[in-house]
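A.B. asks: Here you go, this is coords-v9.txt (compact mmCIF, C-alpha atoms).
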```
# COMPACT_ATOMS: atom_id res chain seq x y z
CA MET Q 724 -86.04 -26.45 13.36
CA THR Q 725 -85.45 -24.65 10.10
CA GLY Q 726 -84.63 -21.17 11.36
CA THR Q 727 -81.03 -20.02 11.64
CA GLY Q 728 -81.70 -18.82 15.18
CA SER Q 729 -82.70 -22.26 16.42
CA ILE Q 730 -79.89 -24.15 14.74
CA GLY Q 731 -77.16 -21.54 15.08
CA PRO Q 732 -75.95 -22.48 18.58
CA ARG Q 733 -75.49 -26.10 17.53
CA LEU Q 734 -73.55 -25.06 14.45
CA ASP Q 735 -71.43 -22.68 16.53
CA GLN Q 736 -70.56 -25.56 18.83
CA ALA Q 737 -69.95 -28.06 16.03
CA LEU Q 738 -67.89 -25.89 13.70
CA LEU Q 739 -66.65 -22.71 15.35
CA SER Q 740 -65.73 -23.75 18.87
CA ARG Q 741 -63.29 -26.27 17.38
CA MET Q 742 -61.43 -23.75 15.24
CA PRO Q 743 -58.46 -22.44 17.24
CA ASP Q 744 -55.87 -19.99 16.05
CA PRO Q 745 -52.93 -22.22 15.02
CA GLU Q 746 -50.49 -19.87 16.77
CA THR Q 747 -52.27 -18.93 19.99
CA GLY Q 748 -55.04 -21.49 20.42
CA ALA Q 749 -57.59 -18.66 20.66
CA PRO Q 750 -60.86 -18.79 18.67
CA TRP Q 751 -60.76 -17.59 15.10
CA PRO Q 752 -61.44 -13.91 14.42
CA ALA Q 753 -64.98 -12.81 13.72
CA PRO Q 754 -65.98 -12.88 10.02
CA ASP Q 755 -65.94 -9.09 9.80
CA SER Q 756 -62.58 -8.69 11.53
CA ASP Q 757 -59.69 -7.03 9.71
CA ARG Q 758 -57.26 -9.17 11.65
CA ARG Q 759 -55.12 -11.63 9.71
CA PRO Q 760 -52.89 -14.23 11.31
CA ASN Q 761 -49.25 -13.42 11.78
CA VAL Q 762 -47.76 -16.73 10.77
CA SER Q 763 -44.42 -18.07 11.89
CA ALA Q 764 -41.90 -18.40 9.06
CA SER Q 765 -41.19 -21.91 10.35
CA VAL Q 766 -44.57 -23.13 9.17
CA ALA Q 767 -44.10 -25.18 5.98
CA GLY Q 768 -45.12 -23.39 2.80
CA TRP Q 769 -45.40 -19.91 4.34
CA ALA Q 770 -42.88 -17.33 3.25
CA ARG Q 771 -41.33 -15.11 5.89
CA GLY Q 772 -43.63 -12.22 6.69
CA ALA Q 773 -46.51 -13.60 4.58
CA ARG Q 774 -50.11 -13.18 5.66
CA PRO Q 775 -51.93 -16.14 4.11
CA ALA Q 776 -55.56 -16.27 3.13
CA ILE Q 777 -58.12 -17.62 5.59
CA HIS Q 778 -60.53 -20.34 4.52
CA ARG Q 779 -63.16 -21.96 6.71
CA LEU Q 780 -64.66 -25.15 5.23
CA PHE Q 781 -66.70 -28.13 6.40
CA LEU Q 782 -68.18 -31.41 5.25
CA LEU Q 783 -71.91 -32.08 5.71
CA GLY Q 784 -73.19 -35.64 5.64
CA GLU Q 785 -74.36 -38.65 7.60
CA GLY Q 786 -72.01 -40.98 9.45
CA ILE Q 787 -68.87 -39.15 8.25
CA GLY Q 788 -66.81 -39.08 11.43
CA ALA Q 789 -64.07 -41.20 9.82
CA SER Q 790 -63.74 -38.99 6.73
CA ARG Q 791 -60.17 -38.10 5.73
CA THR Q 792 -61.32 -35.10 3.68
CA PRO Q 793 -60.69 -32.50 6.44
CA ALA Q 794 -57.10 -33.64 6.98
CA LEU Q 795 -56.51 -33.70 3.22
CA HIS Q 796 -57.67 -30.11 2.66
CA GLU Q 797 -55.87 -28.80 5.74
CA TYR Q 798 -52.63 -30.50 4.66
CA GLU Q 799 -52.79 -28.98 1.17
CA GLY Q 800 -53.74 -25.61 2.64
CA ARG Q 801 -50.62 -25.61 4.80
CA GLU Q 802 -48.50 -26.58 1.81
CA GLN Q 803 -50.04 -23.73 -0.19
CA GLY Q 804 -49.44 -21.15 2.54
CA MET Q 805 -53.03 -20.74 3.69
CA TRP Q 806 -54.71 -20.66 7.04
CA LEU Q 807 -57.33 -23.28 6.20
CA SER Q 808 -59.60 -25.03 8.66
CA TYR Q 809 -61.89 -27.87 7.59
CA ARG Q 810 -64.33 -29.53 9.98
CA ILE Q 811 -67.08 -32.15 9.98
CA LEU Q 812 -70.81 -31.59 10.50
CA ASP Q 813 -72.23 -35.07 10.96
CA SER Q 814 -76.00 -34.88 10.60
CA LEU Q 815 -76.51 -37.83 12.96
CA GLU Q 816 -74.39 -36.31 15.72
CA TRP Q 817 -75.86 -32.81 15.44
CA ASP Q 818 -79.45 -33.68 14.49
CA ILE Q 819 -79.38 -32.04 11.06
CA THR Q 820 -82.12 -32.90 8.57
CA ALA Q 821 -82.87 -31.84 5.00
CA ALA Q 822 -85.31 -29.28 6.41
CA ASP Q 823 -82.38 -27.55 8.12
CA LEU Q 824 -80.32 -27.05 4.96
CA PRO Q 825 -81.44 -23.45 4.25
CA ALA Q 826 -80.52 -22.49 7.80
CA VAL Q 827 -77.16 -24.28 7.60
CA LEU Q 828 -76.28 -22.39 4.43
CA ASP Q 829 -77.39 -19.03 5.87
CA TRP Q 830 -75.33 -19.65 9.00
CA ALA Q 831 -72.23 -20.71 7.06
CA ARG Q 832 -72.46 -17.72 4.74
CA THR Q 833 -72.73 -15.21 7.59
CA SER Q 834 -70.06 -16.99 9.66
CA GLY Q 835 -67.36 -16.40 7.08
CA PHE Q 836 -67.06 -19.84 5.50
CA SER Q 837 -65.60 -20.14 2.01
CA GLY Q 838 -67.73 -23.19 1.31
CA LEU Q 839 -68.59 -26.75 2.18
CA ASN Q 840 -68.61 -30.22 0.74
CA VAL Q 841 -71.84 -32.22 0.74
CA THR Q 842 -72.16 -35.98 0.84
CA HIS Q 843 -74.79 -38.68 1.44
CA PRO Q 844 -77.72 -38.07 1.91
CA PHE Q 845 -77.81 -34.35 1.00
CA LYS Q 846 -76.31 -34.09 -2.51
CA GLN Q 847 -79.72 -33.71 -4.12
CA ALA Q 848 -81.68 -32.34 -1.16
CA ILE Q 849 -79.47 -29.24 -0.92
CA ILE Q 850 -80.20 -28.01 -4.45
CA PRO Q 851 -83.42 -26.06 -3.71
CA SER Q 852 -81.55 -24.07 -1.05
CA LEU Q 853 -78.81 -22.85 -3.40
CA ASP Q 854 -78.76 -19.59 -5.33
CA GLU Q 855 -77.06 -20.99 -8.42
CA LEU Q 856 -75.80 -24.23 -9.97
CA SER Q 857 -72.86 -24.79 -12.26
CA ASP Q 858 -73.82 -26.22 -15.64
CA ARG Q 859 -72.54 -29.68 -14.69
CA ALA Q 860 -74.27 -29.73 -11.31
CA GLY Q 861 -77.51 -28.69 -12.96
CA ALA Q 862 -77.21 -31.41 -15.59
CA LEU Q 863 -76.46 -34.06 -12.97
CA GLY Q 864 -79.01 -32.89 -10.43
CA ALA Q 865 -76.47 -33.41 -7.64
CA VAL Q 866 -74.07 -31.16 -5.72
CA ASN Q 867 -71.04 -32.12 -3.68
CA THR Q 868 -69.35 -28.71 -3.41
CA VAL Q 869 -70.89 -25.40 -2.37
CA VAL Q 870 -68.91 -22.17 -2.74
CA PHE Q 871 -69.91 -18.82 -1.26
CA ARG Q 872 -69.21 -15.91 -3.62
CA ASP Q 873 -70.55 -12.37 -3.23
CA GLY Q 874 -73.19 -13.53 -0.78
CA ARG Q 875 -74.45 -16.30 -3.06
CA ALA Q 876 -74.32 -20.07 -2.49
CA ILE Q 877 -73.21 -21.76 -5.74
CA GLY Q 878 -73.43 -25.52 -6.17
CA HIS Q 879 -70.84 -27.50 -8.12
CA ASN Q 880 -70.21 -31.17 -8.83
CA THR Q 881 -66.63 -32.40 -8.72
CA ASP Q 882 -67.60 -36.06 -8.25
CA TRP Q 883 -68.02 -36.86 -11.94
CA CYS Q 884 -64.52 -35.74 -12.96
CA GLY Q 885 -63.16 -36.98 -9.65
CA TYR Q 886 -64.37 -40.46 -10.56
CA GLN Q 887 -63.63 -40.40 -14.28
CA LYS Q 888 -59.95 -39.46 -14.40
CA PRO Q 889 -58.57 -42.00 -11.87
CA PHE Q 890 -60.81 -44.73 -13.29
CA HIS Q 891 -59.67 -44.10 -16.85
CA ASP Q 892 -56.05 -43.90 -15.74
CA ALA Q 893 -56.39 -47.31 -14.06
CA LEU Q 894 -58.47 -49.04 -16.77
CA PRO Q 895 -58.00 -47.17 -20.06
CA ASP Q 896 -59.56 -50.03 -22.03
CA ALA Q 897 -62.76 -50.15 -19.95
CA CYS Q 898 -66.26 -48.98 -20.89
CA ARG Q 899 -66.29 -50.65 -24.29
CA GLY Q 900 -69.17 -52.91 -23.25
CA THR Q 901 -72.12 -52.93 -20.84
CA VAL Q 902 -71.54 -51.52 -17.35
CA VAL Q 903 -73.71 -52.25 -14.31
CA GLN Q 904 -73.99 -49.45 -11.75
CA LEU Q 905 -75.19 -50.02 -8.19
CA GLY Q 906 -76.72 -46.88 -6.70
CA ALA Q 907 -78.65 -43.96 -8.16
CA GLY Q 908 -78.16 -41.28 -5.52
CA GLY Q 909 -76.06 -38.13 -5.73
CA ALA Q 910 -72.79 -39.99 -6.21
CA GLY Q 911 -74.55 -42.33 -8.63
CA ALA Q 912 -75.53 -39.42 -10.87
CA ALA Q 913 -71.90 -38.32 -11.14
CA VAL Q 914 -70.61 -41.85 -11.77
CA ALA Q 915 -73.29 -42.50 -14.39
CA TYR Q 916 -72.34 -39.33 -16.24
CA ALA Q 917 -68.64 -40.14 -16.07
CA THR Q 918 -69.15 -43.70 -17.28
CA LEU Q 919 -71.38 -42.72 -20.18
CA ASP Q 920 -69.01 -39.90 -21.08
CA LEU Q 921 -66.22 -42.48 -21.34
CA GLY Q 922 -68.25 -44.20 -24.04
CA THR Q 923 -69.93 -47.24 -22.53
CA PRO Q 924 -72.63 -48.31 -25.01
CA LEU Q 925 -75.05 -49.38 -22.25
CA LEU Q 926 -75.26 -48.48 -18.57
CA ILE Q 927 -77.69 -50.49 -16.44
CA VAL Q 928 -78.60 -48.77 -13.17
CA HIS Q 929 -79.75 -50.79 -10.16
CA ASP Q 930 -81.01 -49.24 -6.95
CA ILE Q 931 -83.22 -50.50 -4.11
CA ASP Q 932 -85.35 -47.41 -4.78
CA THR Q 933 -86.62 -48.10 -8.30
CA ALA Q 934 -88.17 -44.63 -8.59
CA ARG Q 935 -84.79 -43.05 -7.89
CA ALA Q 936 -83.14 -45.31 -10.47
CA ALA Q 937 -85.80 -44.36 -13.01
CA ALA Q 938 -85.26 -40.65 -12.32
CA LEU Q 939 -81.51 -40.98 -12.85
CA VAL Q 940 -81.99 -42.97 -16.04
CA GLU Q 941 -84.38 -40.35 -17.40
CA ARG Q 942 -81.88 -37.60 -16.61
CA MET Q 943 -79.01 -39.46 -18.30
CA GLN Q 944 -81.17 -40.31 -21.31
CA GLY Q 945 -81.81 -36.60 -21.75
CA ILE Q 946 -78.05 -36.05 -22.00
CA PHE Q 947 -76.79 -39.17 -23.79
CA GLY Q 948 -79.87 -40.51 -25.58
CA PRO Q 949 -82.48 -43.15 -24.76
CA GLY Q 950 -80.57 -46.18 -26.01
CA ARG Q 951 -77.54 -46.00 -23.72
CA VAL Q 952 -78.92 -46.21 -20.20
CA GLN Q 953 -81.72 -48.22 -18.60
CA VAL Q 954 -83.12 -49.28 -15.23
CA GLY Q 955 -81.94 -52.69 -14.08
CA VAL Q 956 -84.46 -55.30 -13.00
CA ASP Q 957 -82.54 -58.56 -12.53
CA LEU Q 958 -79.08 -57.91 -11.10
CA ALA Q 959 -77.74 -61.38 -11.79
CA ARG Q 960 -78.82 -61.16 -15.40
CA SER Q 961 -77.37 -57.65 -15.78
CA VAL Q 962 -73.98 -58.68 -14.38
CA ALA Q 963 -73.88 -61.81 -16.51
CA GLY Q 964 -73.88 -59.67 -19.66
CA ALA Q 965 -71.59 -56.89 -18.38
CA GLU Q 966 -67.90 -56.10 -18.68
CA GLY Q 967 -67.80 -54.22 -15.39
CA VAL Q 968 -69.58 -53.26 -12.17
CA VAL Q 969 -69.44 -49.93 -10.31
CA ASN Q 970 -70.49 -49.56 -6.69
CA ALA Q 971 -71.90 -46.05 -6.23
CA THR Q 972 -73.67 -46.83 -2.94
CA PRO Q 973 -72.45 -46.21 0.64
CA VAL Q 974 -72.34 -49.98 1.23
CA GLY Q 975 -68.82 -50.90 2.22
CA MET Q 976 -68.10 -47.74 4.21
CA ALA Q 977 -66.94 -48.13 7.80
CA THR Q 978 -70.38 -46.88 8.87
CA HIS Q 979 -72.25 -48.98 6.26
CA PRO Q 980 -70.43 -52.33 6.31
CA GLY Q 981 -71.23 -55.10 3.85
CA CYS Q 982 -70.88 -56.00 0.20
CA ALA Q 983 -72.94 -54.24 -2.47
CA ILE Q 984 -73.24 -57.39 -4.62
CA ASP Q 985 -73.40 -61.14 -4.10
CA GLY Q 986 -69.87 -62.43 -4.49
CA ASP Q 987 -71.14 -65.39 -6.50
CA LEU Q 988 -71.94 -62.99 -9.36
CA LEU Q 989 -68.30 -61.99 -9.77
CA ARG Q 990 -66.10 -63.66 -12.40
CA PRO Q 991 -62.53 -63.18 -13.64
CA ASP Q 992 -63.39 -61.25 -16.83
CA LEU Q 993 -65.23 -58.51 -14.91
CA TRP Q 994 -63.68 -55.31 -13.69
CA VAL Q 995 -65.05 -53.85 -10.43
CA SER Q 996 -64.85 -50.18 -9.46
CA GLU Q 997 -65.55 -48.75 -6.01
CA ILE Q 998 -66.27 -45.20 -4.83
CA VAL Q 999 -65.89 -46.00 -1.12
CA TYR Q 1000 -62.38 -45.18 0.09
CA PHE Q 1001 -62.59 -45.74 3.83
CA PRO Q 1002 -61.81 -48.51 4.28
CA ILE Q 1003 -59.74 -48.65 1.11
CA GLN Q 1004 -60.15 -52.44 0.94
CA THR Q 1005 -63.92 -52.82 0.97
CA GLU Q 1006 -65.57 -56.20 1.17
CA LEU Q 1007 -66.57 -55.83 -2.48
CA LEU Q 1008 -62.97 -55.28 -3.60
CA VAL Q 1009 -61.70 -58.18 -1.52
CA ARG Q 1010 -64.28 -60.51 -3.05
CA ALA Q 1011 -63.64 -59.17 -6.53
CA ARG Q 1012 -59.90 -59.77 -6.29
CA ASP Q 1013 -60.52 -63.26 -4.92
CA ALA Q 1014 -62.67 -63.87 -8.02
CA GLY Q 1015 -59.85 -62.68 -10.30
CA CYS Q 1016 -61.41 -59.35 -11.29
CA ARG Q 1017 -59.45 -56.23 -12.14
CA THR Q 1018 -60.33 -53.61 -9.56
CA VAL Q 1019 -60.21 -49.85 -8.99
CA ASP Q 1020 -60.45 -48.60 -5.40
CA GLY Q 1021 -62.09 -45.38 -4.23
CA ALA Q 1022 -58.97 -43.47 -3.19
CA GLY Q 1023 -58.49 -41.91 -6.62
CA MET Q 1024 -61.98 -40.43 -6.64
CA ALA Q 1025 -61.61 -39.17 -3.06
CA ALA Q 1026 -58.43 -37.34 -4.01
CA GLU Q 1027 -59.41 -36.03 -7.44
CA GLN Q 1028 -62.77 -34.62 -6.40
CA ALA Q 1029 -60.97 -32.87 -3.53
CA VAL Q 1030 -58.39 -31.44 -5.96
CA ARG Q 1031 -61.18 -29.81 -7.96
CA ALA Q 1032 -63.06 -28.67 -4.85
CA PHE Q 1033 -59.93 -27.12 -3.31
CA GLU Q 1034 -59.47 -24.97 -6.39
CA LEU Q 1035 -63.11 -23.87 -6.30
CA PHE Q 1036 -62.91 -23.01 -2.60
CA THR Q 1037 -59.60 -21.13 -2.66
CA GLY Q 1038 -58.97 -20.05 -6.25
CA VAL Q 1039 -55.57 -21.76 -6.02
CA THR Q 1040 -54.61 -24.78 -8.13
CA PRO Q 1041 -53.40 -27.47 -5.71
CA ASP Q 1042 -50.67 -30.02 -6.24
CA ALA Q 1043 -52.77 -32.95 -7.50
CA PRO Q 1044 -50.08 -35.68 -7.23
CA ARG Q 1045 -49.37 -34.57 -3.66
CA MET Q 1046 -53.06 -34.79 -2.73
CA HIS Q 1047 -53.41 -38.22 -4.32
CA ALA Q 1048 -50.36 -39.46 -2.43
CA ARG Q 1049 -51.69 -37.98 0.79
CA VAL Q 1050 -55.02 -39.79 0.48
CA ARG Q 1051 -53.32 -43.13 -0.04
CA ALA Q 1052 -51.01 -42.51 2.89
CA MET Q 1053 -53.98 -41.70 5.13
CA VAL Q 1054 -56.03 -44.77 4.23
CA ALA Q 1055 -53.21 -47.30 3.87
```
How does the structure come out when it is put into structure tokens?
C.D. replies:
Amino acid sequence: MTGTGSIGPRLDQALLSRMPDPETGAPWPAPDSDRRPNVSASVAGWARGARPAIHRLFLLGEGIGASRTPALHEYEGREQGMWLSYRILDSLEWDITAADLPAVLDWARTSGFSGLNVTHPFKQAIIPSLDELSDRAGALGAVNTVVFRDGRAIGHNTDWCGYQKPFHDALPDACRGTVVQLGAGGAGAAVAYATLDLGTPLLIVHDIDTARAAALVERMQGIFGPGRVQVGVDLARSVAGAEGVVNATPVGMATHPGCAIDGDLLRPDLWVSEIVYFPIQTELLVRARDAGCRTVDGAGMAAEQAVRAFELFTGVTPDAPRMHARVRAMVA
């Protein structure tokens, strides 16, 4: 099931059949069509007589039906005067595996998509199928944004800066001591980089897959030096000596309910940071606040990584405060 021909009809159904013309309700024009939408001047953000750019986008991941990312990008697109459509390709619903990734990329490229976002569990698996990586994506070994330019699929990582800026804005005095990170997947690589870049003297990485944790630690040691990051063995012991805990796992998502850490390990002098944003109040954050911890929710990262991705997709700098406010309004 790796050929474009075998997977194409499913992708057509998942991503193209749900893309109506916003004016007529008809299907979008073919990728090679010269047609551009004649947009009503009443549509917010579109000047009278303007013919806005067209951008097709989608999100690829597992269990992502509740994602607010499509609505966020489409909202900002309208505000920027674009005809932008963003859809979801849930690998569970459409039977997409890592082996299908080359075919998915080929199909998207030939179907006129500007790019796609990638989330769990494909942020690392997609790399061999790409033509090029940005310097940061190559260093992190994880991709969350793929842009099609001149027939090439280029992988970027906007997760690391998406996490770092809102976290630092919320807790500017953090990362002066040891930080415990839960999760060593694609998002974990970005969070580890961001946390070490903020100056934490020691990052301890815990993951149920110890080989994956070891691989991430080795990668981060190559960037920041061997003394600043290590694989965690005893979570209780790690947390006891830490100033903060970051959850970089899917645990806490609507589709992966639960708490990433035993609540008994939390104490008032810890800060707790979360990357999950739907629901915005994860079980971890609720328990952390009950324990008296300072907390940072995942909405900031969801918005900021989308701000960077939007600019990569469209070449237009979005209104970052507007996108941040929109995320919080959507998940409130």
A.B. asks: From the set Q:Leu1035, Q:Phe947, Q:Phe890, Q:Asp1042, which residue has the shortest atom-to-atom contact distance to Thr1018 of chain Q, counting only C-alpha atoms?
C.D. replies: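 Nearest candidate to Thr1018 of chain Q out of Q:Leu1035, Q:Phe947, Q:Phe890, Q:Asp1042: Q:Phe890.
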A.B. asks: Nearest to Thr868 of chain Q among Q:Leu839, Q:Ala977, Q:Val995, Q:Ile927, with distances taken over all atoms listed in the file: which residue is it?
C.D. replies: Q:Leu839
A.B. asks: Please check which residues have atoms at most 8 Å from (-64.3, -63.2, -7.8) in the file's coordinates, counting only C-alpha atoms, and write them as a list in words.
C.D. replies: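 Answer for this query, in the requested form: Gly986, Asp987, Leu988, Leu989, Arg990, Pro991, Arg1010, Ala1011, Arg1012, Asp1013, Ala1014, Gly1015 and Cys1016 of chain Q.
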A.B. asks: Taking all atoms listed in the file into account, name the residue in Q:Asn880, Q:Ser740, Q:Asn840, Q:Ser729 that is nearest to Leu863 of chain Q.
C.D. replies: Q:Asn880
A.B. asks: Report the distance between atom CA of Gly885 of chain Q and atom CA of Ser814 of chain Q in Å, rounded to one decimal place.
C.D. replies: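 These atoms are spaced 24.1 Å apart.
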A.B. asks: For a cutoff of 10 Å around the file-coordinate point (-73.5, -56.9, -9.7), which residues qualify once you count all atoms listed in the file? I'd like the result as a ChimeraX atom specification.
C.D. replies: /Q:902-905,929,957-963,965,967-970,983-989,993,995
A.B. asks: Using only C-alpha atoms, please write the residues we just selected to a file, as a PDB file, in the frame of the given file.
C.D. replies:
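Writing the result to result.pdb gives the following:
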```pdb
ATOM      1  CA  VAL Q 902     -71.540 -51.520 -17.350  1.00  0.00           C
ATOM      2  CA  VAL Q 903     -73.710 -52.250 -14.310  1.00  0.00           C
ATOM      3  CA  GLN Q 904     -73.990 -49.450 -11.750  1.00  0.00           C
ATOM      4  CA  LEU Q 905     -75.190 -50.020  -8.190  1.00  0.00           C
ATOM      5  CA  HIS Q 929     -79.750 -50.790 -10.160  1.00  0.00           C
ATOM      6  CA  ASP Q 957     -82.540 -58.560 -12.530  1.00  0.00           C
ATOM      7  CA  LEU Q 958     -79.080 -57.910 -11.100  1.00  0.00           C
ATOM      8  CA  ALA Q 959     -77.740 -61.380 -11.790  1.00  0.00           C
ATOM      9  CA  ARG Q 960     -78.820 -61.160 -15.400  1.00  0.00           C
ATOM     10  CA  SER Q 961     -77.370 -57.650 -15.780  1.00  0.00           C
ATOM     11  CA  VAL Q 962     -73.980 -58.680 -14.380  1.00  0.00           C
ATOM     12  CA  ALA Q 963     -73.880 -61.810 -16.510  1.00  0.00           C
ATOM     13  CA  ALA Q 965     -71.590 -56.890 -18.380  1.00  0.00           C
ATOM     14  CA  GLY Q 967     -67.800 -54.220 -15.390  1.00  0.00           C
ATOM     15  CA  VAL Q 968     -69.580 -53.260 -12.170  1.00  0.00           C
ATOM     16  CA  VAL Q 969     -69.440 -49.930 -10.310  1.00  0.00           C
ATOM     17  CA  ASN Q 970     -70.490 -49.560  -6.690  1.00  0.00           C
ATOM     18  CA  ALA Q 983     -72.940 -54.240  -2.470  1.00  0.00           C
ATOM     19  CA  ILE Q 984     -73.240 -57.390  -4.620  1.00  0.00           C
ATOM     20  CA  ASP Q 985     -73.400 -61.140  -4.100  1.00  0.00           C
ATOM     21  CA  GLY Q 986     -69.870 -62.430  -4.490  1.00  0.00           C
ATOM     22  CA  ASP Q 987     -71.140 -65.390  -6.500  1.00  0.00           C
ATOM     23  CA  LEU Q 988     -71.940 -62.990  -9.360  1.00  0.00           C
ATOM     24  CA  LEU Q 989     -68.300 -61.990  -9.770  1.00  0.00           C
ATOM     25  CA  LEU Q 993     -65.230 -58.510 -14.910  1.00  0.00           C
ATOM     26  CA  VAL Q 995     -65.050 -53.850 -10.430  1.00  0.00           C
TER      27      VAL Q 995
END
```
A.B. asks: Near Thr978 of chain Q, counting only C-alpha atoms, which residues have an atom at most 8 Å away, once you skip same-chain residues fewer than 3 positions from it, shown as number ranges by chain?
C.D. replies: Q: 786-787, 975
A.B. asks: Which residue out of Q:Val1019, Q:Val999, Q:Val1039, Q:Met1046 has the minimum interatomic distance to His891 of chain Q when all atoms listed in the file are used?
C.D. replies: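 Closest candidate: Q:Val1019.
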A.B. asks: Just to confirm, what's the straight-line distance from atom CA of Gly835 of chain Q to atom CA of Arg779 of chain Q in Å (one decimal)?
C.D. replies: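 Here the two named atoms are 7.0 Å from each other.
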A.B. asks: Near segment 949-955 of chain Q, within 6 Å and counting all atoms listed in the file, which residues show up once chain neighbours fewer than 3 positions away are dropped, as a list in words?
C.D. replies: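 Here the qualifying residues turn out to be Pro924, Leu925, Leu926, Ile927, Val928, His929, Val940 and Gln944 of chain Q.
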A.B. asks: Can I get the selected residues back with C-alpha atoms, as a PDB file, in the frame of the given file?
C.D. replies:
```pdb
ATOM      1  CA  PRO Q 924     -72.630 -48.310 -25.010  1.00  0.00           C
ATOM      2  CA  LEU Q 925     -75.050 -49.380 -22.250  1.00  0.00           C
ATOM      3  CA  LEU Q 926     -75.260 -48.480 -18.570  1.00  0.00           C
ATOM      4  CA  ILE Q 927     -77.690 -50.490 -16.440  1.00  0.00           C
ATOM      5  CA  VAL Q 928     -78.600 -48.770 -13.170  1.00  0.00           C
ATOM      6  CA  HIS Q 929     -79.750 -50.790 -10.160  1.00  0.00           C
ATOM      7  CA  VAL Q 940     -81.990 -42.970 -16.040  1.00  0.00           C
ATOM      8  CA  GLN Q 944     -81.170 -40.310 -21.310  1.00  0.00           C
TER       9      GLN Q 944
END
```
A.B. asks: Residues at most 9 Å from Thr792 of chain Q, counting all atoms listed in the file, excluding those fewer than 4 positions away in the same chain, as an mmCIF file with C-alpha atoms, in the frame of the given file?
C.D. replies:
```cif
data_model
loop_
_atom_site.group_PDB
_atom_site.id
_atom_site.type_symbol
_atom_site.label_atom_id
_atom_site.label_comp_id
_atom_site.auth_asym_id
_atom_site.auth_seq_id
_atom_site.Cartn_x
_atom_site.Cartn_y
_atom_site.Cartn_z
ATOM 1 C CA LEU Q 782 -68.180 -31.410 5.250
ATOM 2 C CA HIS Q 796 -57.670 -30.110 2.660
ATOM 3 C CA GLU Q 797 -55.870 -28.800 5.740
ATOM 4 C CA TYR Q 809 -61.890 -27.870 7.590
ATOM 5 C CA ARG Q 810 -64.330 -29.530 9.980
ATOM 6 C CA ALA Q 1025 -61.610 -39.170 -3.060
ATOM 7 C CA ALA Q 1026 -58.430 -37.340 -4.010
ATOM 8 C CA ALA Q 1029 -60.970 -32.870 -3.530
ATOM 9 C CA VAL Q 1050 -55.020 -39.790 0.480
#
```
A.B. asks: By how many Å are atom CA of Ala789 of chain Q and atom CA of Phe1001 of chain Q apart?
C.D. replies: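 If I compute the distance from atom CA of Ala789 of chain Q to atom CA of Phe1001 of chain Q, I get 7.7 Å.
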A.B. asks: Skip Thr1005 of chain Q itself and residues of its chain fewer than 6 positions away, then list as a ChimeraX atom specification all residues within 9 Å of it, counting only C-alpha atoms.
C.D. replies: /Q:974-977,980-982,997,999,1020
A.B. asks: Write out as a PyMOL selection string the residues lying within 12 Å of Asp892 of chain Q, counting all atoms listed in the file and excluding same-chain residues fewer than 6 positions away.
C.D. replies: chain Q and resi 885-886+921+1019+1023-1024+1027
A.B. asks: Using only C-alpha atoms, pick whichever of Q:Cys884, Q:Ile730, Q:Ala938, Q:Val869 has the shortest atom-to-atom distance to Gly838 of chain Q.
C.D. replies: Q:Val869
A.B. asks: Have a look at Q:Gly900, Q:Ala910, Q:Ser790, Q:His1047 and name the one nearest to Thr923 of chain Q; count all atoms listed in the file.
C.D. replies: Q:Gly900
